[in-house]
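Next comes coords-v3.tsv, with TSV, C-alpha atoms and all ligand atoms.
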```tsv
chain	number	residue	atom	x	y	z
A	1	SER	CA	0.00	0.00	0.00
A	2	SER	CA	1.00	3.67	-0.13
A	3	LYS	CA	0.97	3.99	3.65
A	4	ASP	CA	4.18	4.86	5.52
A	5	ARG	CA	5.31	1.75	7.35
A	6	TYR	CA	6.57	1.37	10.93
A	7	VAL	CA	7.28	-1.67	13.11
A	8	VAL	CA	8.19	-2.60	16.67
A	9	LEU	CA	11.13	-5.01	16.77
A	10	GLY	CA	11.58	-7.40	19.68
A	11	ASN	CA	11.85	-11.05	20.68
A	12	PRO	CA	9.28	-12.04	21.82
A	13	ILE	CA	6.97	-9.40	20.29
A	14	ALA	CA	3.44	-10.85	20.05
A	15	HIS	CA	2.26	-9.23	23.31
A	16	SER	CA	3.66	-5.74	22.60
A	17	LYS	CA	1.15	-2.92	23.18
A	18	SER	CA	2.98	-0.63	20.72
A	19	PRO	CA	0.89	-1.52	17.62
A	20	PHE	CA	-2.29	-0.71	19.59
A	21	LEU	CA	-0.86	2.60	20.90
A	22	HIS	CA	0.50	3.83	17.54
A	23	THR	CA	-2.59	2.76	15.58
A	24	HIS	CA	-4.65	4.78	18.06
A	25	PHE	CA	-2.37	7.83	17.62
A	26	ALA	CA	-2.53	7.52	13.81
A	27	GLN	CA	-6.34	7.45	13.80
A	28	GLN	CA	-6.55	10.34	16.26
A	29	THR	CA	-4.17	12.58	14.25
A	30	GLN	CA	-5.41	11.32	10.83
A	31	GLN	CA	-1.95	10.16	9.83
A	32	ASN	CA	-1.96	7.53	7.09
A	33	LEU	CA	0.43	4.87	8.41
A	34	ASP	CA	0.77	1.18	9.06
A	35	TYR	CA	2.36	-0.08	12.33
A	36	ARG	CA	3.00	-3.77	13.03
A	37	PRO	CA	4.96	-6.07	15.33
A	38	LEU	CA	8.07	-7.58	13.70
A	39	LEU	CA	9.77	-10.56	15.36
A	40	ALA	CA	13.54	-10.33	14.91
A	41	PRO	CA	15.51	-13.58	15.34
A	42	LEU	CA	17.90	-13.18	18.32
A	43	ASP	CA	21.03	-13.29	16.11
A	44	GLU	CA	19.57	-11.31	13.18
A	45	PHE	CA	18.59	-7.90	14.50
A	46	ASP	CA	20.72	-5.90	12.02
A	47	THR	CA	19.61	-7.89	8.96
A	48	THR	CA	15.97	-7.56	10.04
A	49	VAL	CA	16.31	-3.76	10.32
A	50	ASN	CA	18.15	-3.48	7.00
A	51	GLY	CA	15.55	-5.69	5.31
A	52	PHE	CA	12.76	-3.43	6.59
A	53	ILE	CA	14.64	-0.33	5.35
A	54	ALA	CA	15.07	-1.98	1.92
A	55	GLN	CA	11.27	-2.46	1.81
A	56	GLY	CA	10.76	1.27	2.37
A	57	GLY	CA	10.21	1.27	6.17
A	58	LYS	CA	10.17	4.78	7.69
A	59	GLY	CA	10.90	4.01	11.33
A	60	ALA	CA	10.80	1.47	14.15
A	61	ASN	CA	10.48	1.02	17.87
A	62	VAL	CA	12.89	-1.37	19.55
A	63	THR	CA	12.14	-3.39	22.67
A	64	LEU	CA	13.76	-6.23	24.63
A	65	PRO	CA	16.40	-7.53	24.04
A	66	PHE	CA	17.60	-5.27	21.20
A	67	LYS	CA	17.98	-1.73	22.64
A	68	LEU	CA	21.79	-2.00	22.83
A	69	GLN	CA	22.10	-3.51	19.34
A	70	ALA	CA	19.91	-0.72	17.98
A	71	PHE	CA	22.25	1.82	19.63
A	72	ALA	CA	25.25	0.19	17.90
A	73	LEU	CA	23.54	0.17	14.49
A	74	CYS	CA	22.74	3.91	14.34
A	75	THR	CA	24.68	6.39	12.19
A	76	GLU	CA	23.31	9.33	14.28
A	77	LEU	CA	22.16	9.53	17.90
A	78	THR	CA	20.17	12.13	19.82
A	79	PRO	CA	21.87	13.42	23.02
A	80	ARG	CA	19.41	11.52	25.21
A	81	ALA	CA	20.06	8.26	23.29
A	82	LYS	CA	23.80	8.83	23.71
A	83	ALA	CA	23.37	9.39	27.45
A	84	ALA	CA	21.12	6.34	27.78
A	85	GLY	CA	23.50	4.09	25.82
A	86	ALA	CA	20.37	2.49	24.37
A	87	VAL	CA	17.89	3.18	21.57
A	88	ASN	CA	14.13	2.49	21.57
A	89	THR	CA	13.21	4.56	18.49
A	90	LEU	CA	14.69	4.45	14.98
A	91	LEU	CA	14.09	6.93	12.17
A	92	PHE	CA	15.21	5.98	8.67
A	93	LYS	CA	16.42	8.67	6.27
A	94	THR	CA	18.21	7.85	3.00
A	95	GLY	CA	21.64	6.53	4.00
A	96	HIS	CA	21.06	7.26	7.70
A	97	ILE	CA	19.70	5.43	10.72
A	98	ILE	CA	18.85	7.96	13.45
A	99	GLY	CA	18.48	6.64	17.01
A	100	ASP	CA	16.54	8.21	19.87
A	101	ASN	CA	15.54	7.09	23.34
A	102	THR	CA	12.08	8.24	24.45
A	103	ASP	CA	11.74	6.00	27.55
A	104	GLY	CA	13.12	8.55	30.05
A	105	CYS	CA	11.18	11.42	28.54
A	106	GLY	CA	8.04	9.24	28.70
A	107	LEU	CA	8.67	8.59	32.40
A	108	VAL	CA	9.18	12.28	33.20
A	109	ASN	CA	6.11	13.37	31.18
A	110	ASP	CA	4.00	10.81	33.02
A	111	ILE	CA	5.25	11.90	36.46
A	112	VAL	CA	5.29	15.67	35.84
A	113	HIS	CA	2.36	16.24	33.45
A	114	ASN	CA	0.01	13.30	34.04
A	115	ALA	CA	0.55	12.81	37.79
A	116	GLY	CA	1.27	16.52	38.44
A	117	VAL	CA	4.44	15.98	40.50
A	118	ASN	CA	6.89	18.92	40.41
A	119	LEU	CA	10.48	17.60	40.53
A	120	THR	CA	12.35	20.90	40.82
A	121	GLY	CA	14.37	20.98	44.06
A	122	GLN	CA	13.11	17.53	45.06
A	123	ARG	CA	15.05	14.55	46.39
A	124	ILE	CA	14.73	11.51	44.10
A	125	LEU	CA	15.61	7.88	44.85
A	126	LEU	CA	16.18	5.79	41.71
A	127	LEU	CA	16.17	2.04	42.40
A	128	GLY	CA	18.07	0.04	39.76
A	129	ALA	CA	20.97	0.71	37.41
A	130	GLY	CA	19.96	-1.20	34.27
A	131	GLY	CA	18.85	0.17	30.91
A	132	ALA	CA	15.64	1.76	32.19
A	133	ALA	CA	17.43	3.60	35.04
A	134	ARG	CA	20.19	4.81	32.71
A	135	GLY	CA	17.64	6.17	30.21
A	136	ALA	CA	15.74	8.01	32.96
A	137	LEU	CA	18.70	9.93	34.41
A	138	LEU	CA	19.19	12.75	31.87
A	139	PRO	CA	15.44	13.58	31.54
A	140	LEU	CA	15.13	13.53	35.37
A	141	LEU	CA	18.17	15.79	35.81
A	142	GLU	CA	16.70	18.26	33.29
A	143	CYS	CA	13.91	18.85	35.86
A	144	GLN	CA	16.61	20.20	38.23
A	145	PRO	CA	15.97	18.04	41.30
A	146	ALA	CA	18.04	18.81	44.43
A	147	GLN	CA	19.58	15.33	44.34
A	148	ILE	CA	19.25	11.88	42.79
A	149	VAL	CA	20.43	8.84	44.76
A	150	ILE	CA	20.88	5.72	42.61
A	151	ALA	CA	20.60	2.51	44.66
A	152	ASN	CA	21.25	-0.88	43.12
A	153	ARG	CA	21.73	-4.52	44.20
A	154	THR	CA	25.09	-4.51	42.39
A	155	VAL	CA	26.47	-1.30	43.93
A	156	ALA	CA	29.32	-0.98	41.40
A	157	ARG	CA	26.71	-0.40	38.64
A	158	ALA	CA	25.10	2.41	40.65
A	159	GLU	CA	28.56	3.94	41.17
A	160	GLU	CA	29.35	3.82	37.43
A	161	LEU	CA	26.07	5.55	36.61
A	162	ALA	CA	26.53	8.20	39.31
A	163	THR	CA	30.01	9.00	37.99
A	164	GLN	CA	28.70	9.29	34.41
A	165	PHE	CA	25.85	11.65	35.34
A	166	GLN	CA	27.54	13.79	38.05
A	167	PRO	CA	28.45	16.49	35.46
A	168	PHE	CA	24.70	17.07	34.96
A	169	GLY	CA	23.62	17.35	38.61
A	170	ASN	CA	23.92	16.12	42.18
A	171	VAL	CA	23.98	12.33	41.73
A	172	LEU	CA	25.05	9.80	44.40
A	173	ALA	CA	25.29	6.01	44.53
A	174	SER	CA	24.27	3.66	47.35
A	175	SER	CA	23.39	0.12	48.24
A	176	PHE	CA	19.68	-0.48	48.98
A	177	GLU	CA	20.32	-0.96	52.72
A	178	ALA	CA	22.49	2.17	53.16
A	179	VAL	CA	20.10	4.70	51.54
A	180	ASN	CA	19.95	7.73	53.82
A	181	GLY	CA	17.08	10.09	54.60
A	182	ALA	CA	13.63	10.64	53.12
A	183	PHE	CA	12.68	11.20	49.45
A	184	ASP	CA	9.93	13.09	47.61
A	185	LEU	CA	9.97	10.65	44.67
A	186	ILE	CA	11.03	7.00	44.61
A	187	ILE	CA	11.25	5.29	41.20
A	188	ASN	CA	11.50	1.52	40.95
A	189	ALA	CA	13.53	0.85	37.79
A	190	THR	CA	14.48	-2.68	38.88
A	191	SER	CA	12.80	-5.78	37.52
A	192	ALA	CA	12.43	-7.13	41.09
A	193	SER	CA	8.62	-6.88	40.89
A	194	ILE	CA	8.64	-9.66	38.25
A	195	ASN	CA	9.76	-12.02	41.06
A	196	ALA	CA	7.36	-10.39	43.57
A	197	GLU	CA	10.39	-8.88	45.37
A	198	VAL	CA	10.85	-5.37	46.80
A	199	PRO	CA	14.33	-3.78	46.91
A	200	PRO	CA	15.30	-3.81	50.65
A	201	VAL	CA	15.47	-0.05	51.30
A	202	PRO	CA	14.89	1.33	54.85
A	203	ALA	CA	11.27	2.34	55.63
A	204	SER	CA	12.62	5.84	56.41
A	205	VAL	CA	13.07	6.58	52.66
A	206	PHE	CA	9.30	7.26	52.38
A	207	SER	CA	8.66	10.93	53.22
A	208	PRO	CA	5.14	11.91	54.42
A	209	ASN	CA	4.25	13.21	50.91
A	210	CYS	CA	6.21	10.58	49.00
A	211	PHE	CA	5.31	9.68	45.41
A	212	ALA	CA	6.34	6.12	44.48
A	213	TYR	CA	6.55	5.05	40.83
A	214	ASP	CA	7.06	1.53	39.48
A	215	MET	CA	8.14	1.32	35.82
A	216	MET	CA	6.46	-2.08	35.65
A	217	TYR	CA	2.73	-2.23	35.04
A	218	GLY	CA	0.06	-4.88	35.11
A	219	ASN	CA	-3.58	-5.46	35.94
A	220	GLN	CA	-2.89	-5.07	39.66
A	221	PRO	CA	-0.51	-2.94	41.79
A	222	THR	CA	3.04	-4.34	41.91
A	223	VAL	CA	4.49	-5.56	45.22
A	224	PHE	CA	6.63	-2.39	45.30
A	225	MET	CA	3.50	-0.23	44.95
A	226	GLN	CA	1.76	-2.22	47.70
A	227	HIS	CA	4.77	-1.76	50.00
A	228	ALA	CA	5.01	1.98	49.21
A	229	ALA	CA	1.27	2.48	49.76
A	230	ALA	CA	1.57	0.77	53.15
A	231	GLN	CA	4.21	3.41	54.05
A	232	GLY	CA	1.76	6.18	53.08
A	233	ALA	CA	3.07	6.91	49.58
A	234	THR	CA	0.97	7.85	46.56
A	235	THR	CA	1.68	5.23	43.88
A	236	ARG	CA	1.62	4.91	40.11
A	237	ASP	CA	2.69	2.16	37.71
A	238	GLY	CA	4.52	2.31	34.34
A	239	TRP	CA	1.52	2.25	31.98
A	240	GLY	CA	1.68	6.04	31.53
A	241	MET	CA	5.42	5.82	30.84
A	242	LEU	CA	4.73	3.32	28.05
A	243	VAL	CA	2.00	5.53	26.56
A	244	GLU	CA	4.16	8.68	26.76
A	245	GLN	CA	7.31	7.09	25.26
A	246	ALA	CA	5.14	5.99	22.33
A	247	ALA	CA	3.70	9.51	21.93
A	248	GLU	CA	7.22	10.96	21.85
A	249	ALA	CA	8.33	8.42	19.19
A	250	PHE	CA	5.21	9.22	17.14
A	251	TYR	CA	6.10	12.93	17.34
A	252	LEU	CA	9.67	12.24	16.17
A	253	TRP	CA	8.37	10.33	13.13
A	254	ARG	CA	5.34	12.43	12.16
A	255	GLY	CA	5.97	15.91	13.63
A	256	VAL	CA	2.54	15.78	15.31
A	257	LYS	CA	2.02	15.42	19.07
A	258	PRO	CA	-0.82	12.98	19.77
A	259	ALA	CA	-3.08	13.42	22.81
A	260	THR	CA	-2.53	10.65	25.37
A	261	ASP	CA	-5.48	11.05	27.77
A	262	ALA	CA	-7.73	8.41	26.16
A	263	LEU	CA	-4.95	5.79	26.20
A	264	LEU	CA	-3.94	6.62	29.78
A	265	LYS	CA	-7.48	5.61	30.80
A	266	GLN	CA	-7.20	2.29	28.92
A	267	HIS	CA	-4.89	0.83	31.57
A	268	PRO	CA	-4.74	-2.99	31.18
B	1	LIG	P1	17.73	-4.46	33.13
B	1	LIG	O1	17.79	-5.95	33.01
B	1	LIG	O2	18.60	-3.62	32.27
B	1	LIG	O3	18.04	-4.05	34.66
B	1	LIG	C1	17.44	-4.74	35.72
B	1	LIG	C2	17.68	-3.99	37.02
B	1	LIG	O4	16.89	-4.61	38.04
B	1	LIG	C3	19.11	-4.02	37.52
B	1	LIG	O5	19.39	-2.82	38.21
B	1	LIG	C4	19.10	-5.22	38.47
B	1	LIG	O6	20.10	-5.15	39.47
B	1	LIG	C5	17.74	-5.06	39.09
B	1	LIG	N1	17.17	-6.29	39.65
B	1	LIG	C6	16.77	-7.40	38.97
B	1	LIG	N2	16.24	-8.30	39.80
B	1	LIG	C7	16.30	-7.77	41.06
B	1	LIG	C8	15.90	-8.22	42.34
B	1	LIG	N3	15.32	-9.41	42.52
B	1	LIG	N4	16.10	-7.39	43.40
B	1	LIG	C9	16.68	-6.19	43.23
B	1	LIG	N5	17.08	-5.70	42.04
B	1	LIG	C10	16.90	-6.49	40.96
B	1	LIG	O7	16.18	-4.09	32.94
B	1	LIG	P2	15.57	-2.71	32.42
B	1	LIG	O8	16.31	-1.61	33.08
B	1	LIG	O9	15.46	-2.73	30.94
B	1	LIG	O10	14.07	-2.77	32.99
B	1	LIG	C11	13.77	-2.62	34.38
B	1	LIG	C12	12.24	-2.58	34.58
B	1	LIG	O11	11.66	-1.44	33.97
B	1	LIG	C13	11.52	-3.80	33.99
B	1	LIG	O12	10.58	-4.25	34.94
B	1	LIG	C14	10.81	-3.25	32.77
B	1	LIG	O13	9.62	-3.95	32.51
B	1	LIG	C15	10.55	-1.81	33.17
B	1	LIG	N6	10.45	-0.91	31.99
B	1	LIG	C16	9.26	-0.27	31.78
B	1	LIG	C17	9.10	0.59	30.69
B	1	LIG	C18	7.80	1.28	30.48
B	1	LIG	O14	7.62	1.91	29.42
B	1	LIG	N7	6.88	1.24	31.41
B	1	LIG	C19	10.21	0.84	29.75
B	1	LIG	C20	11.44	0.13	30.10
B	1	LIG	C21	11.52	-0.71	31.17
B	1	LIG	P3	21.62	-5.73	39.22
B	1	LIG	O15	22.35	-4.63	38.49
B	1	LIG	O16	22.13	-5.97	40.59
B	1	LIG	O17	21.46	-6.99	38.41
```

As structure tokens:
Amino acid sequence: SSKDRYVVLGNPIAHSKSPFLHTHFAQQTQQNLDYRPLLAPLDEFDTTVNGFIAQGGKGANVTLPFKLQAFALCTELTPRAKAAGAVNTLLFKTGHIIGDNTDGCGLVNDIVHNAGVNLTGQRILLLGAGGAARGALLPLLECQPAQIVIANRTVARAEELATQFQPFGNVLASSFEAVNGAFDLIINATSASINAEVPPVPASVFSPNCFAYDMMYGNQPTVFMQHAAAQGATTRDGWGMLVEQAAEAFYLWRGVKPATDALLKQHP
């Protein structure tokens, strides 16, 4: 057909919500495009991308486990993709593969705009030091918080991240157990909730007006959200982050900002 074509690349990919989100955005903004899941074999990410480009593909989203391979494949990177060391959005121009990372921006838009939490001058605790935590750091620091403490099970990873991002703000590293003081915002960027585990931080990290965010989402509150709520925190899961990262990718491709309110209400 004459429609501009986009895909989401992953392995597995059948359960991705991205085709649903982008098809909704396309209808809402009256953009004539086609967006589908595309399963990439684990050892054939690059050939799958190049094959899609050869067929006239305009862009792609990238999900697990290919965000690092996508980063390596790009000929150009946005500053936030460079800082994240990972790419979730590809834009194809003749002879160029442009890589962006909209995950962190999606997180911040969900917290600041959708949940109405002002991060300026606030103390933030970021749990985890994997890809999702790394991608969140630059967008969070752009909100000019007073401090970000990165706590991780493997403390050396938190220390590496803190060193990398110290030029952009007040960033410290810690183990879970040694986290000091109370925080305005606590973000769970670990995958501990998958195993029904909660990172073992002291109960004193939850300030009286604490906002607790879990990047994971599902049809019920995660164990981290349940724990945070029991400490008096206001909680939110990662559905809005997913919706907002998609909206930002759509904007990069089409130059049109879709409204997200209808999708935010369609929480699984
Ligand atoms: P990574 O595999 O890159 O990192 C995993 C992180 O979780 C590491 O910091 C790891 O610590 C920590 N971890 C894993 N298991 C445990 C545990 N049992 N206890 C404590 N810490 C643990 O994953 P990602 O960063 O890509 O993803 C993290 C989470 O964020 C996932 O749940 C993912 O679903 C979610 N996510 C949500 C998005 C959204 O749009 N809503 C987008 C991207 C991610 P260590 O370094 O010690 O191994």

May I have the residues within 8 Å of ligand LIG 1 (chain B), computed using only C-alpha atoms and all ligand atoms, as a PDB file with C-alpha atoms, in the frame of the given file?
```pdb
ATOM      1  CA  LEU A  64      13.760  -6.230  24.630  1.00  0.00           C
ATOM      2  CA  ASP A 103      11.740   6.000  27.550  1.00  0.00           C
ATOM      3  CA  GLY A 106       8.040   9.240  28.700  1.00  0.00           C
ATOM      4  CA  LEU A 107       8.670   8.590  32.400  1.00  0.00           C
ATOM      5  CA  LEU A 127      16.170   2.040  42.400  1.00  0.00           C
ATOM      6  CA  GLY A 128      18.070   0.040  39.760  1.00  0.00           C
ATOM      7  CA  ALA A 129      20.970   0.710  37.410  1.00  0.00           C
ATOM      8  CA  GLY A 130      19.960  -1.200  34.270  1.00  0.00           C
ATOM      9  CA  GLY A 131      18.850   0.170  30.910  1.00  0.00           C
ATOM     10  CA  ALA A 132      15.640   1.760  32.190  1.00  0.00           C
ATOM     11  CA  ALA A 133      17.430   3.600  35.040  1.00  0.00           C
ATOM     12  CA  ARG A 134      20.190   4.810  32.710  1.00  0.00           C
ATOM     13  CA  ASN A 152      21.250  -0.880  43.120  1.00  0.00           C
ATOM     14  CA  ARG A 153      21.730  -4.520  44.200  1.00  0.00           C
ATOM     15  CA  THR A 154      25.090  -4.510  42.390  1.00  0.00           C
ATOM     16  CA  VAL A 155      26.470  -1.300  43.930  1.00  0.00           C
ATOM     17  CA  ARG A 157      26.710  -0.400  38.640  1.00  0.00           C
ATOM     18  CA  ALA A 158      25.100   2.410  40.650  1.00  0.00           C
ATOM     19  CA  ASN A 188      11.500   1.520  40.950  1.00  0.00           C
ATOM     20  CA  ALA A 189      13.530   0.850  37.790  1.00  0.00           C
ATOM     21  CA  THR A 190      14.480  -2.680  38.880  1.00  0.00           C
ATOM     22  CA  SER A 191      12.800  -5.780  37.520  1.00  0.00           C
ATOM     23  CA  ALA A 192      12.430  -7.130  41.090  1.00  0.00           C
ATOM     24  CA  SER A 193       8.620  -6.880  40.890  1.00  0.00           C
ATOM     25  CA  ILE A 194       8.640  -9.660  38.250  1.00  0.00           C
ATOM     26  CA  ASN A 195       9.760 -12.020  41.060  1.00  0.00           C
ATOM     27  CA  GLU A 197      10.390  -8.880  45.370  1.00  0.00           C
ATOM     28  CA  VAL A 198      10.850  -5.370  46.800  1.00  0.00           C
ATOM     29  CA  PRO A 199      14.330  -3.780  46.910  1.00  0.00           C
ATOM     30  CA  PRO A 200      15.300  -3.810  50.650  1.00  0.00           C
ATOM     31  CA  ASP A 214       7.060   1.530  39.480  1.00  0.00           C
ATOM     32  CA  MET A 215       8.140   1.320  35.820  1.00  0.00           C
ATOM     33  CA  MET A 216       6.460  -2.080  35.650  1.00  0.00           C
ATOM     34  CA  TYR A 217       2.730  -2.230  35.040  1.00  0.00           C
ATOM     35  CA  ASP A 237       2.690   2.160  37.710  1.00  0.00           C
ATOM     36  CA  GLY A 238       4.520   2.310  34.340  1.00  0.00           C
ATOM     37  CA  TRP A 239       1.520   2.250  31.980  1.00  0.00           C
ATOM     38  CA  GLY A 240       1.680   6.040  31.530  1.00  0.00           C
ATOM     39  CA  MET A 241       5.420   5.820  30.840  1.00  0.00           C
ATOM     40  CA  LEU A 242       4.730   3.320  28.050  1.00  0.00           C
ATOM     41  CA  VAL A 243       2.000   5.530  26.560  1.00  0.00           C
ATOM     42  CA  GLN A 245       7.310   7.090  25.260  1.00  0.00           C
TER      43      GLN A 245
END
```

(request) Quick one: everything within 9 Å of A:Ala26, counting all atoms listed in the file, minus sequence neighbours fewer than 6 positions away in the same chain. Send it as a list in words. (result) Asn32, Leu33, Asp34, Phe250 and Pro258 of chain A

(message) Which residues are close to A:Ala233, i.e. within 9 Å by all atoms listed in the file, leaving aside same-chain residues fewer than 6 positions away? Reply as a VMD selection string.
(response) chain A and resid 206 to 212 225 227

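One distance worth recording is that between atom CA of A:Pro12 and atom CA of A:Phe25, which is 23.4 Å.
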
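Distance annotation: of A:Arg80, A:His15, A:Arg5, A:His24, the residue with the minimal separation from A:Gly57 is A:Arg5; atom set is only C-alpha atoms.
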
(message) As an exercise, work out the distance from atom CA of A:Gln144 to atom CA of A:Gly169 in Å and give it to one decimal place.
(response)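 Computing it gives 7.6 Å between the two atoms.
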
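Taking atom CA of A:Ala84 and atom CA of A:Val7 as the two end points, the separation is 21.7 Å.
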
(message) Taking only C-alpha atoms into account, name the residue in A:Ala247, A:Ala162, A:Ala230, A:Val201 that is nearest to A:Ala178.
(response) A:Val201

(request) Determine the nearest neighbour of A:Leu68 from the options A:Pro41, A:Pro202, A:Gly85, A:Gly232, counting only C-alpha atoms. (result) A:Gly85

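Every protein or nucleic acid residue with an atom no more than 12 Å from A:Phe71, counting only C-alpha atoms and leaving out same-chain residues fewer than 4 positions away, appears here: Phe45, Asp46, Asn61, Val62, Thr63, Pro65, Phe66, Lys67, Thr75, Glu76, Leu77, Thr78, Arg80, Ala81, Lys82, Ala83, Ala84, Gly85, Ala86, Val87, Asn88, Thr89, Leu90, Ile97, Ile98, Gly99, Asp100, Asn101 and Gly131 of chain A.
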
For stretch 165-173 of chain A, take all atoms listed in the file, fit an axis-aligned box around them, add 4 Å to each of the six sides, then output centre and edge lengths in Å rounded to one decimal, as JSON.
```
{"center_x": 26.0, "center_y": 11.7, "center_z": 39.7, "size_x": 12.8, "size_y": 19.3, "size_z": 17.6}
```

(request) Please provide the set of residues having any atom within 7 Å of A:Pro145, restricted to only C-alpha atoms, with same-chain residues fewer than 3 positions apart removed, written as a ChimeraX atom specification. (result) /A:119-123,141

Take the residues from that selection and write them out as a PDB file, in the coordinates of the input, keeping C-alpha atoms.
```
ATOM      1  CA  LEU A 119      10.480  17.600  40.530  1.00  0.00           C
ATOM      2  CA  THR A 120      12.350  20.900  40.820  1.00  0.00           C
ATOM      3  CA  GLY A 121      14.370  20.980  44.060  1.00  0.00           C
ATOM      4  CA  GLN A 122      13.110  17.530  45.060  1.00  0.00           C
ATOM      5  CA  ARG A 123      15.050  14.550  46.390  1.00  0.00           C
ATOM      6  CA  LEU A 141      18.170  15.790  35.810  1.00  0.00           C
TER       7      LEU A 141
END
```

(request) Check the smallest atom-to-atom distance from each of A:Phe176, A:Gly51, A:Leu21, A:Leu9 to A:Leu38 using only C-alpha atoms, then report the winner. (result) A:Leu9

(message) Let me make sure I understand: among A:Gln220, A:Asn109, A:Leu125, A:Arg36, which one has the smallest atom-to-atom distance to A:Lys17 if we use only C-alpha atoms?
(response)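 Once distances to A:Lys17 are computed over only C-alpha atoms, the minimum belongs to A:Arg36.
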
(request) Select, from A:Ser174, A:Thr48, A:Thr235, A:Thr94, the residue with the minimum atom-to-atom distance to A:Ile186, counting only C-alpha atoms. (result)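 Checking each candidate against A:Ile186, we get A:Thr235 as the closest.
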
(request) Tell me which protein, DNA and RNA residues are within 7 Å of A:Pro139, counting only C-alpha atoms, leaving out same-chain ones fewer than 6 positions away, and put them as a list in words. (result) Gly104, Cys105 and Val108 of chain A
